[in-house]
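Data from upload-v8.pdb: PDB, C-alpha atoms, pLDDT in the B column
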```pdb
ATOM      1  CA  MET A   9      95.692 101.503 127.874  1.00 85.00           C
ATOM      2  CA  PRO A  10      97.090  98.199 129.203  1.00 93.00           C
ATOM      3  CA  THR A  11      96.080  94.889 127.645  1.00 95.00           C
ATOM      4  CA  ARG A  12      93.252  93.369 129.720  1.00 97.00           C
ATOM      5  CA  ILE A  13      93.546  89.648 130.456  1.00 98.00           C
ATOM      6  CA  VAL A  14      91.491  86.832 131.978  1.00 97.00           C
ATOM      7  CA  LEU A  15      93.353  83.702 133.121  1.00 97.00           C
ATOM      8  CA  CYS A  16      91.763  80.253 133.286  1.00 96.00           C
ATOM      9  CA  ASP A  17      93.646  77.248 134.696  1.00 94.00           C
ATOM     10  CA  ASP A  18      92.844  74.775 137.455  1.00 91.00           C
ATOM     11  CA  HIS A  19      96.398  75.079 138.834  1.00 90.00           C
ATOM     12  CA  THR A  20      95.726  77.960 141.231  1.00 87.00           C
ATOM     13  CA  LEU A  21      99.314  78.530 142.335  1.00 87.00           C
ATOM     14  CA  LEU A  22     100.454  78.780 138.732  1.00 87.00           C
ATOM     15  CA  THR A  23      97.736  81.232 137.684  1.00 90.00           C
ATOM     16  CA  GLU A  24      98.293  83.426 140.734  1.00 89.00           C
ATOM     17  CA  SER A  25     102.021  83.510 140.032  1.00 90.00           C
ATOM     18  CA  LEU A  26     101.409  84.235 136.352  1.00 91.00           C
ATOM     19  CA  ALA A  27      98.925  86.971 137.245  1.00 94.00           C
ATOM     20  CA  ALA A  28     101.460  88.647 139.541  1.00 94.00           C
ATOM     21  CA  SER A  29     104.175  88.478 136.884  1.00 92.00           C
ATOM     22  CA  LEU A  30     101.908  89.876 134.159  1.00 94.00           C
ATOM     23  CA  THR A  31     100.734  92.684 136.421  1.00 95.00           C
ATOM     24  CA  ALA A  32     104.350  93.585 137.185  1.00 94.00           C
ATOM     25  CA  LYS A  33     105.000  93.790 133.432  1.00 92.00           C
ATOM     26  CA  GLY A  34     102.144  96.251 132.889  1.00 94.00           C
ATOM     27  CA  TYR A  35      99.271  93.960 131.919  1.00 96.00           C
ATOM     28  CA  GLN A  36      95.872  94.326 133.564  1.00 97.00           C
ATOM     29  CA  VAL A  37      94.692  90.954 134.864  1.00 97.00           C
ATOM     30  CA  GLU A  38      90.921  91.284 135.200  1.00 97.00           C
ATOM     31  CA  ALA A  39      90.194  87.840 136.652  1.00 96.00           C
ATOM     32  CA  VAL A  40      91.857  84.579 137.638  1.00 95.00           C
ATOM     33  CA  THR A  41      89.512  81.614 137.141  1.00 94.00           C
ATOM     34  CA  SER A  42      89.966  77.892 137.724  1.00 91.00           C
ATOM     35  CA  THR A  43      87.204  76.234 135.673  1.00 91.00           C
ATOM     36  CA  PRO A  44      86.036  76.606 132.057  1.00 91.00           C
ATOM     37  CA  ALA A  45      82.587  77.744 133.234  1.00 91.00           C
ATOM     38  CA  GLN A  46      84.153  80.493 135.363  1.00 93.00           C
ATOM     39  CA  GLY A  47      86.387  81.496 132.456  1.00 94.00           C
ATOM     40  CA  LEU A  48      83.426  81.788 130.086  1.00 93.00           C
ATOM     41  CA  ALA A  49      81.462  83.846 132.610  1.00 94.00           C
ATOM     42  CA  ALA A  50      84.442  86.153 133.193  1.00 96.00           C
ATOM     43  CA  VAL A  51      84.874  86.773 129.467  1.00 96.00           C
ATOM     44  CA  ALA A  52      81.154  87.481 129.092  1.00 96.00           C
ATOM     45  CA  SER A  53      81.105  90.021 131.920  1.00 97.00           C
ATOM     46  CA  LEU A  54      84.541  91.644 131.572  1.00 97.00           C
ATOM     47  CA  ASP A  55      85.117  91.622 127.780  1.00 97.00           C
ATOM     48  CA  PRO A  56      88.920  91.189 128.065  1.00 97.00           C
ATOM     49  CA  ASP A  57      91.365  91.645 125.219  1.00 97.00           C
ATOM     50  CA  ILE A  58      92.874  88.195 125.735  1.00 98.00           C
ATOM     51  CA  LEU A  59      91.831  84.960 127.451  1.00 98.00           C
ATOM     52  CA  MET A  60      94.803  82.832 128.506  1.00 98.00           C
ATOM     53  CA  LEU A  61      93.750  79.272 129.307  1.00 95.00           C
ATOM     54  CA  ASP A  62      94.964  75.728 129.728  1.00 94.00           C
ATOM     55  CA  VAL A  63      93.900  72.841 127.512  1.00 92.00           C
ATOM     56  CA  HIS A  64      93.338  70.155 130.152  1.00 90.00           C
ATOM     57  CA  PHE A  65      90.881  70.303 133.041  1.00 88.00           C
ATOM     58  CA  PRO A  66      89.529  67.618 135.396  1.00 84.00           C
ATOM     59  CA  MET A  67      86.490  65.873 133.938  1.00 77.00           C
ATOM     60  CA  ALA A  68      84.223  67.073 136.762  1.00 67.00           C
ATOM     61  CA  VAL A  69      84.795  70.771 136.073  1.00 65.00           C
ATOM     62  CA  ALA A  70      84.661  70.201 132.329  1.00 61.00           C
ATOM     63  CA  GLN A  71      81.123  68.870 132.646  1.00 60.00           C
ATOM     64  CA  ARG A  72      80.079  72.168 134.225  1.00 60.00           C
ATOM     65  CA  LEU A  73      80.996  73.962 131.015  1.00 57.00           C
ATOM     66  CA  SER A  74      78.707  71.631 129.099  1.00 56.00           C
ATOM     67  CA  GLN A  75      75.926  72.382 131.558  1.00 58.00           C
ATOM     68  CA  ALA A  76      76.552  76.093 130.969  1.00 56.00           C
ATOM     69  CA  GLY A  77      75.612  75.597 127.326  1.00 55.00           C
ATOM     70  CA  ALA A  78      78.977  75.753 125.592  1.00 54.00           C
ATOM     71  CA  PRO A  79      79.028  74.241 122.101  1.00 49.00           C
ATOM     72  CA  HIS A  80      80.593  70.831 121.614  1.00 46.00           C
ATOM     73  CA  LEU A  81      83.677  70.351 119.510  1.00 40.00           C
ATOM     74  CA  ALA A  82      83.241  68.527 116.264  1.00 39.00           C
ATOM     75  CA  PRO A  83      84.116  64.857 116.893  1.00 36.00           C
ATOM     76  CA  SER A  84      86.755  64.930 114.155  1.00 34.00           C
ATOM     77  CA  SER A  85      88.778  67.605 115.944  1.00 36.00           C
ATOM     78  CA  VAL A  86      90.488  65.614 118.656  1.00 36.00           C
ATOM     79  CA  GLY A  87      88.457  62.488 119.344  1.00 35.00           C
ATOM     80  CA  GLU A  88      85.076  60.814 119.441  1.00 33.00           C
ATOM     81  CA  GLN A  89      83.840  62.406 122.674  1.00 38.00           C
ATOM     82  CA  ALA A  90      82.549  65.910 123.333  1.00 38.00           C
ATOM     83  CA  PHE A  91      85.241  66.141 126.019  1.00 35.00           C
ATOM     84  CA  PRO A  92      87.908  63.818 124.599  1.00 39.00           C
ATOM     85  CA  VAL A  93      90.407  62.258 126.997  1.00 40.00           C
ATOM     86  CA  SER A  94      93.823  62.902 125.481  1.00 46.00           C
ATOM     87  CA  ARG A  95      95.559  60.087 127.393  1.00 45.00           C
ATOM     88  CA  PRO A  96      94.205  56.609 128.220  1.00 42.00           C
ATOM     89  CA  ASN A  97      93.018  56.192 131.816  1.00 41.00           C
ATOM     90  CA  SER A  98      93.317  59.951 132.378  1.00 46.00           C
ATOM     91  CA  ARG A  99      90.821  61.989 134.367  1.00 54.00           C
ATOM     92  CA  MET A 100      91.879  65.110 132.479  1.00 63.00           C
ATOM     93  CA  VAL A 101      89.982  66.196 129.373  1.00 72.00           C
ATOM     94  CA  THR A 102      90.559  68.861 126.741  1.00 83.00           C
ATOM     95  CA  ALA A 103      87.770  71.173 127.924  1.00 87.00           C
ATOM     96  CA  GLY A 104      89.988  74.173 127.232  1.00 90.00           C
ATOM     97  CA  LEU A 105      89.384  73.613 123.525  1.00 91.00           C
ATOM     98  CA  GLU A 106      85.647  73.748 124.056  1.00 89.00           C
ATOM     99  CA  LEU A 107      85.997  76.930 126.098  1.00 92.00           C
ATOM    100  CA  ALA A 108      88.148  78.426 123.332  1.00 94.00           C
ATOM    101  CA  GLN A 109      85.463  77.580 120.773  1.00 90.00           C
ATOM    102  CA  ALA A 110      82.729  79.105 122.926  1.00 91.00           C
ATOM    103  CA  VAL A 111      84.668  82.332 123.431  1.00 95.00           C
ATOM    104  CA  LEU A 112      85.619  82.668 119.769  1.00 92.00           C
ATOM    105  CA  GLU A 113      82.016  82.162 118.679  1.00 90.00           C
ATOM    106  CA  ARG A 114      80.288  84.283 121.345  1.00 93.00           C
ATOM    107  CA  HIS A 115      82.939  86.939 122.052  1.00 95.00           C
ATOM    108  CA  PRO A 116      84.998  87.338 118.864  1.00 93.00           C
ATOM    109  CA  ARG A 117      86.714  90.512 120.094  1.00 95.00           C
ATOM    110  CA  THR A 118      88.556  88.497 122.745  1.00 97.00           C
ATOM    111  CA  LYS A 119      91.690  86.751 121.503  1.00 96.00           C
ATOM    112  CA  VAL A 120      92.451  83.285 122.887  1.00 97.00           C
ATOM    113  CA  LEU A 121      95.953  82.213 123.915  1.00 97.00           C
ATOM    114  CA  MET A 122      96.401  78.591 124.982  1.00 96.00           C
ATOM    115  CA  VAL A 123      99.014  78.154 127.733  1.00 95.00           C
ATOM    116  CA  SER A 124      99.453  74.445 128.314  1.00 93.00           C
ATOM    117  CA  ALA A 125     101.910  71.742 129.317  1.00 90.00           C
ATOM    118  CA  THR A 126     100.868  69.595 126.349  1.00 88.00           C
ATOM    119  CA  ASP A 127     102.958  69.205 123.226  1.00 85.00           C
ATOM    120  CA  ASP A 128     100.504  66.851 121.506  1.00 86.00           C
ATOM    121  CA  PRO A 129     100.457  67.973 117.844  1.00 83.00           C
ATOM    122  CA  ALA A 130      96.848  66.797 117.419  1.00 82.00           C
ATOM    123  CA  ILE A 131      95.746  69.133 120.211  1.00 87.00           C
ATOM    124  CA  VAL A 132      97.829  72.039 118.935  1.00 86.00           C
ATOM    125  CA  SER A 133      96.380  71.517 115.438  1.00 80.00           C
ATOM    126  CA  ALA A 134      92.831  71.330 116.815  1.00 82.00           C
ATOM    127  CA  ALA A 135      93.333  74.599 118.705  1.00 86.00           C
ATOM    128  CA  LEU A 136      94.688  76.365 115.632  1.00 81.00           C
ATOM    129  CA  ASP A 137      91.794  75.011 113.554  1.00 77.00           C
ATOM    130  CA  LEU A 138      89.419  76.629 116.046  1.00 83.00           C
ATOM    131  CA  GLY A 139      91.071  79.984 115.415  1.00 83.00           C
ATOM    132  CA  VAL A 140      93.028  80.638 118.614  1.00 90.00           C
ATOM    133  CA  SER A 141      95.579  83.451 118.395  1.00 89.00           C
ATOM    134  CA  GLY A 142      98.404  81.638 120.139  1.00 90.00           C
ATOM    135  CA  PHE A 143      99.673  78.454 121.739  1.00 93.00           C
ATOM    136  CA  THR A 144     102.596  78.245 124.148  1.00 94.00           C
ATOM    137  CA  ARG A 145     103.897  75.902 126.815  1.00 93.00           C
ATOM    138  CA  LYS A 146     103.468  76.932 130.434  1.00 90.00           C
ATOM    139  CA  ASP A 147     106.497  74.999 131.686  1.00 87.00           C
ATOM    140  CA  GLN A 148     108.886  77.713 130.541  1.00 87.00           C
ATOM    141  CA  ARG A 149     110.182  81.021 131.884  1.00 87.00           C
ATOM    142  CA  ILE A 150     107.630  83.819 132.199  1.00 87.00           C
ATOM    143  CA  ASP A 151     109.579  85.868 129.621  1.00 88.00           C
ATOM    144  CA  GLY A 152     108.874  83.213 127.001  1.00 89.00           C
ATOM    145  CA  ILE A 153     105.148  83.316 127.726  1.00 92.00           C
ATOM    146  CA  VAL A 154     105.177  87.120 127.672  1.00 91.00           C
ATOM    147  CA  GLN A 155     106.886  87.147 124.258  1.00 90.00           C
ATOM    148  CA  ILE A 156     104.070  85.054 122.802  1.00 92.00           C
ATOM    149  CA  LEU A 157     101.499  87.207 124.646  1.00 94.00           C
ATOM    150  CA  GLU A 158     102.992  90.404 123.191  1.00 92.00           C
ATOM    151  CA  ARG A 159     102.738  89.022 119.672  1.00 88.00           C
ATOM    152  CA  VAL A 160      99.118  87.994 120.230  1.00 91.00           C
ATOM    153  CA  ALA A 161      98.299  91.422 121.669  1.00 92.00           C
ATOM    154  CA  GLY A 162      99.915  92.953 118.589  1.00 87.00           C
ATOM    155  CA  GLY A 163      97.567  91.071 116.269  1.00 83.00           C
ATOM    156  CA  GLU A 164      99.803  88.148 115.294  1.00 81.00           C
ATOM    157  CA  VAL A 165      99.012  84.464 115.510  1.00 79.00           C
ATOM    158  CA  ALA A 166     101.893  83.256 117.686  1.00 85.00           C
ATOM    159  CA  VAL A 167     102.861  79.658 118.397  1.00 86.00           C
ATOM    160  CA  ASP A 168     105.990  78.272 120.032  1.00 86.00           C
ATOM    161  CA  PRO A 169     108.207  77.228 117.077  1.00 79.00           C
ATOM    162  CA  GLU A 170     108.588  73.602 118.207  1.00 80.00           C
ATOM    163  CA  LEU A 171     104.845  73.226 118.743  1.00 84.00           C
ATOM    164  CA  LEU A 172     104.104  74.790 115.358  1.00 78.00           C
ATOM    165  CA  ARG A 173     106.520  72.499 113.528  1.00 72.00           C
ATOM    166  CA  ALA A 174     104.998  69.434 115.204  1.00 74.00           C
ATOM    167  CA  ALA A 175     101.457  70.594 114.418  1.00 73.00           C
ATOM    168  CA  VAL A 176     102.320  71.311 110.787  1.00 67.00           C
ATOM    169  CA  ARG A 177     103.829  67.838 110.305  1.00 65.00           C
ATOM    170  CA  HIS A 178     100.713  66.305 111.889  1.00 65.00           C
ATOM    171  CA  LEU A 179      98.463  67.606 109.105  1.00 59.00           C
ATOM    172  CA  LYS A 180      97.387  65.861 105.901  1.00 54.00           C
ATOM    173  CA  ALA A 181      99.593  63.577 103.802  1.00 51.00           C
ATOM    174  CA  PRO A 182     101.575  65.237 100.996  1.00 54.00           C
ATOM    175  CA  ASP A 183     100.666  65.695  97.368  1.00 56.00           C
ATOM    176  CA  VAL A 184     104.025  66.145  95.591  1.00 53.00           C
ATOM    177  CA  ASP A 185     102.628  67.693  92.406  1.00 60.00           C
ATOM    178  CA  GLN A 186     100.564  70.197  94.364  1.00 62.00           C
ATOM    179  CA  ALA A 187     103.601  71.018  96.508  1.00 61.00           C
ATOM    180  CA  GLU A 188     105.613  71.869  93.415  1.00 64.00           C
ATOM    181  CA  ARG A 189     102.813  74.033  92.008  1.00 68.00           C
ATOM    182  CA  THR A 190     102.520  75.895  95.305  1.00 68.00           C
ATOM    183  CA  LEU A 191     106.247  76.686  95.507  1.00 73.00           C
ATOM    184  CA  ARG A 192     106.710  77.414  91.813  1.00 71.00           C
ATOM    185  CA  TYR A 193     105.489  80.993  92.110  1.00 67.00           C
ATOM    186  CA  LEU A 194     107.698  81.910  95.060  1.00 81.00           C
ATOM    187  CA  THR A 195     111.054  83.608  94.611  1.00 83.00           C
ATOM    188  CA  PRO A 196     114.049  82.063  96.443  1.00 86.00           C
ATOM    189  CA  ARG A 197     113.802  84.809  99.063  1.00 90.00           C
ATOM    190  CA  GLU A 198     110.070  84.196  99.495  1.00 89.00           C
ATOM    191  CA  ARG A 199     110.761  80.495  99.968  1.00 88.00           C
ATOM    192  CA  GLU A 200     113.151  81.358 102.768  1.00 92.00           C
ATOM    193  CA  VAL A 201     110.541  83.649 104.331  1.00 93.00           C
ATOM    194  CA  LEU A 202     107.941  80.884 104.070  1.00 91.00           C
ATOM    195  CA  ARG A 203     110.331  78.410 105.725  1.00 90.00           C
ATOM    196  CA  ARG A 204     110.835  80.832 108.590  1.00 91.00           C
ATOM    197  CA  ILE A 205     107.079  81.375 108.895  1.00 90.00           C
ATOM    198  CA  VAL A 206     106.547  77.617 109.202  1.00 88.00           C
ATOM    199  CA  GLU A 207     109.279  77.497 111.860  1.00 87.00           C
ATOM    200  CA  GLY A 208     107.333  80.060 113.884  1.00 86.00           C
ATOM    201  CA  GLU A 209     109.603  83.089 113.524  1.00 87.00           C
ATOM    202  CA  SER A 210     108.166  86.567 114.046  1.00 87.00           C
ATOM    203  CA  THR A 211     108.612  89.355 111.489  1.00 88.00           C
ATOM    204  CA  LYS A 212     111.351  90.834 113.672  1.00 89.00           C
ATOM    205  CA  GLN A 213     113.184  87.498 113.817  1.00 91.00           C
ATOM    206  CA  ILE A 214     112.871  87.032 110.040  1.00 93.00           C
ATOM    207  CA  ALA A 215     114.298  90.507 109.431  1.00 93.00           C
ATOM    208  CA  ARG A 216     117.229  89.892 111.786  1.00 93.00           C
ATOM    209  CA  ALA A 217     118.047  86.446 110.354  1.00 94.00           C
ATOM    210  CA  MET A 218     117.874  87.651 106.744  1.00 94.00           C
ATOM    211  CA  ASP A 219     119.604  90.977 107.494  1.00 94.00           C
ATOM    212  CA  ILE A 220     116.778  93.063 106.058  1.00 93.00           C
ATOM    213  CA  ALA A 221     114.565  95.843 107.410  1.00 92.00           C
ATOM    214  CA  GLN A 222     111.418  94.832 109.303  1.00 89.00           C
ATOM    215  CA  SER A 223     109.329  96.696 106.714  1.00 89.00           C
ATOM    216  CA  THR A 224     110.951  94.614 103.966  1.00 91.00           C
ATOM    217  CA  ALA A 225     110.363  91.404 105.909  1.00 91.00           C
ATOM    218  CA  ARG A 226     106.742  92.427 106.433  1.00 89.00           C
ATOM    219  CA  THR A 227     106.348  92.955 102.675  1.00 89.00           C
ATOM    220  CA  HIS A 228     107.860  89.539 101.919  1.00 91.00           C
ATOM    221  CA  VAL A 229     105.505  87.890 104.424  1.00 91.00           C
ATOM    222  CA  GLN A 230     102.498  89.608 102.860  1.00 87.00           C
ATOM    223  CA  ASN A 231     103.590  88.582  99.350  1.00 85.00           C
ATOM    224  CA  VAL A 232     103.951  84.960 100.469  1.00 88.00           C
ATOM    225  CA  LEU A 233     100.485  84.958 102.048  1.00 85.00           C
ATOM    226  CA  VAL A 234      98.934  86.450  98.898  1.00 80.00           C
ATOM    227  CA  LYS A 235     100.597  83.893  96.607  1.00 80.00           C
ATOM    228  CA  LEU A 236      99.471  81.022  98.836  1.00 81.00           C
ATOM    229  CA  GLY A 237      95.958  82.420  99.216  1.00 77.00           C
ATOM    230  CA  ALA A 238      96.415  82.403 102.996  1.00 79.00           C
ATOM    231  CA  HIS A 239      94.968  84.891 105.470  1.00 77.00           C
ATOM    232  CA  SER A 240      97.453  84.248 108.285  1.00 81.00           C
ATOM    233  CA  ARG A 241     100.831  82.721 109.051  1.00 84.00           C
ATOM    234  CA  VAL A 242      99.177  79.683 110.607  1.00 82.00           C
ATOM    235  CA  GLU A 243      97.044  79.154 107.512  1.00 81.00           C
ATOM    236  CA  ALA A 244     100.169  79.434 105.350  1.00 85.00           C
ATOM    237  CA  SER A 245     101.885  76.802 107.507  1.00 85.00           C
ATOM    238  CA  ALA A 246      98.850  74.539 107.201  1.00 81.00           C
ATOM    239  CA  ILE A 247      98.863  74.899 103.409  1.00 82.00           C
ATOM    240  CA  VAL A 248     102.560  74.003 103.288  1.00 82.00           C
ATOM    241  CA  ALA A 249     101.895  70.889 105.349  1.00 78.00           C
ATOM    242  CA  ARG A 250      98.760  69.928 103.431  1.00 75.00           C
ATOM    243  CA  VAL A 251     100.512  69.971 100.063  1.00 73.00           C
ATOM    244  CA  GLY A 252     103.623  68.224 101.352  1.00 72.00           C
ATOM    245  CA  ALA A 253     106.000  71.154 100.943  1.00 75.00           C
ATOM    246  CA  VAL A 254     107.532  71.047 104.435  1.00 71.00           C
ATOM    247  CA  ASP A 255     110.549  68.933 103.463  1.00 72.00           C
ATOM    248  CA  ARG A 256     111.066  70.868 100.231  1.00 72.00           C
ATOM    249  CA  LEU A 257     111.500  74.074 102.238  1.00 75.00           C
ATOM    250  CA  GLY A 258     114.018  72.422 104.546  1.00 69.00           C
ATOM    251  CA  VAL A 259     111.976  73.126 107.691  1.00 62.00           C
ATOM    252  CA  GLY A 260     113.744  72.081 110.851  1.00 57.00           C
ATOM    253  CA  GLN A 261     117.050  71.419 109.091  1.00 54.00           C
TER     254      GLN A 261
END
```
Can you give me the file's structure in the form of structure tokens?
Amino acid sequence: MPTRIVLCDDHTLLTESLAASLTAKGYQVEAVTSTPAQGLAAVASLDPDILMLDVHFPMAVAQRLSQAGAPHLAPSSVGEQAFPVSRPNSRMVTAGLELAQAVLERHPRTKVLMVSATDDPAIVSAALDLGVSGFTRKDQRIDGIVQILERVAGGEVAVDPELLRAAVRHLKAPDVDQAERTLRYLTPREREVLRRIVEGESTKQIARAMDIAQSTARTHVQNVLVKLGAHSRVEASAIVARVGAVDRLGVGQ
């Protein structure tokens, strides 16, 4: 059975083009919507496997989502407003985050994949904190978007490597002693696996880079998550950032 998708973006030409490309690749696009309120209604009625949506929407359409009864983001997530403006003097607001929160709370079976032009690490971090399953840039080739989509459909949390690295570095200030304690229980090979996790590599990419079987890479990943007390790759990356272990792993070098 093909993966069923709802798209939500106010750029109609882009969503129609993306819908055509996804359909050609075997995905079932159930609906193409242009406002957060429409996206929420489509998810409620169609129960898709994945909602792909933008972060930014015009303020006028964002207010319709509020009127539809979607929950507000916590002020500490990305700003002081319910619909925070990410850029000064901008008419665009991050209503996609509020839609993501509404879908994750009301329709937990549906995975959320953010497809946005933004590379703001605060926004990427806020989306991951909400529990989205993926975050990718829409100003790239369709094959790049599909690769992230395939990983999300397969149950992974998938984020473009550059966006993930920026989001990880945006998190809390380091605690050197805690960083050392966290890494102390990892073998050299597990440290390398953890570095590759933080850099956003998939299990297949880790296996290829380390010249090991995918099953072995999968075992290493699971061992790393267990030792860190993390439930996902994104949570492991957040822990690494929170305890100041990013530089010690040589991420991005």
Given all atoms listed in the file as the counted atoms, nearest of A:His19, A:His228, A:Arg159, A:Lys119 to A:Val140: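 Of all the options, A:Lys119 lies closest to A:Val140.
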Neighbour list for stretch 46-50 of chain A as a list of chain:residue names, cut-off 7 Å, all atoms listed in the file, skip fewer than 3 positions in-chain: A:Cys16, A:Ala39, A:Thr41, A:Ser42, A:Thr43, A:Ser53, A:Leu54, A:Leu107, A:Val111
Exercise: A:Pro56 partners within 6 Å, all atoms listed in the file, chain neighbours under 6 positions left out, as an MDAnalysis selection string: chainID A and resid 12:13 118
Nearest to A:Thr23, chosen from A:Leu191, A:Ala135, A:Leu105, A:Leu61, with all atoms listed in the file counted in the distances: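 Checking each of A:Leu191, A:Ala135, A:Leu105, A:Leu61 against A:Thr23, counting all atoms listed in the file, the winner is A:Leu61.
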Residue nearest A:Val206 among A:Val132, A:Val248, A:Ala221, A:Ala27 (counting only C-alpha atoms):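 Closest residue, counting only C-alpha atoms: A:Val248.
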Between atom CA of A:Asp18 and atom CA of A:Thr31, distance in Å (one decimal):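 These two atoms are separated by 19.6 Å.
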For atom CA of A:Arg203 and atom CA of A:Gln148, the interatomic separation in Å (one decimal): 24.9 Å
Explicit residue set for the PyMOL selection byres ((chain A and resi 224) around 12), as a PyMOL selection string: chain A and resi 197-198+201+211-212+214-216+218-223+225-231
Nearest to A:Gly208, chosen from A:Ala238, A:Ala103, A:Leu233, A:Ala175, with all atoms listed in the file counted in the distances: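 Residue with the minimum atom-to-atom distance to A:Gly208: A:Ala175.
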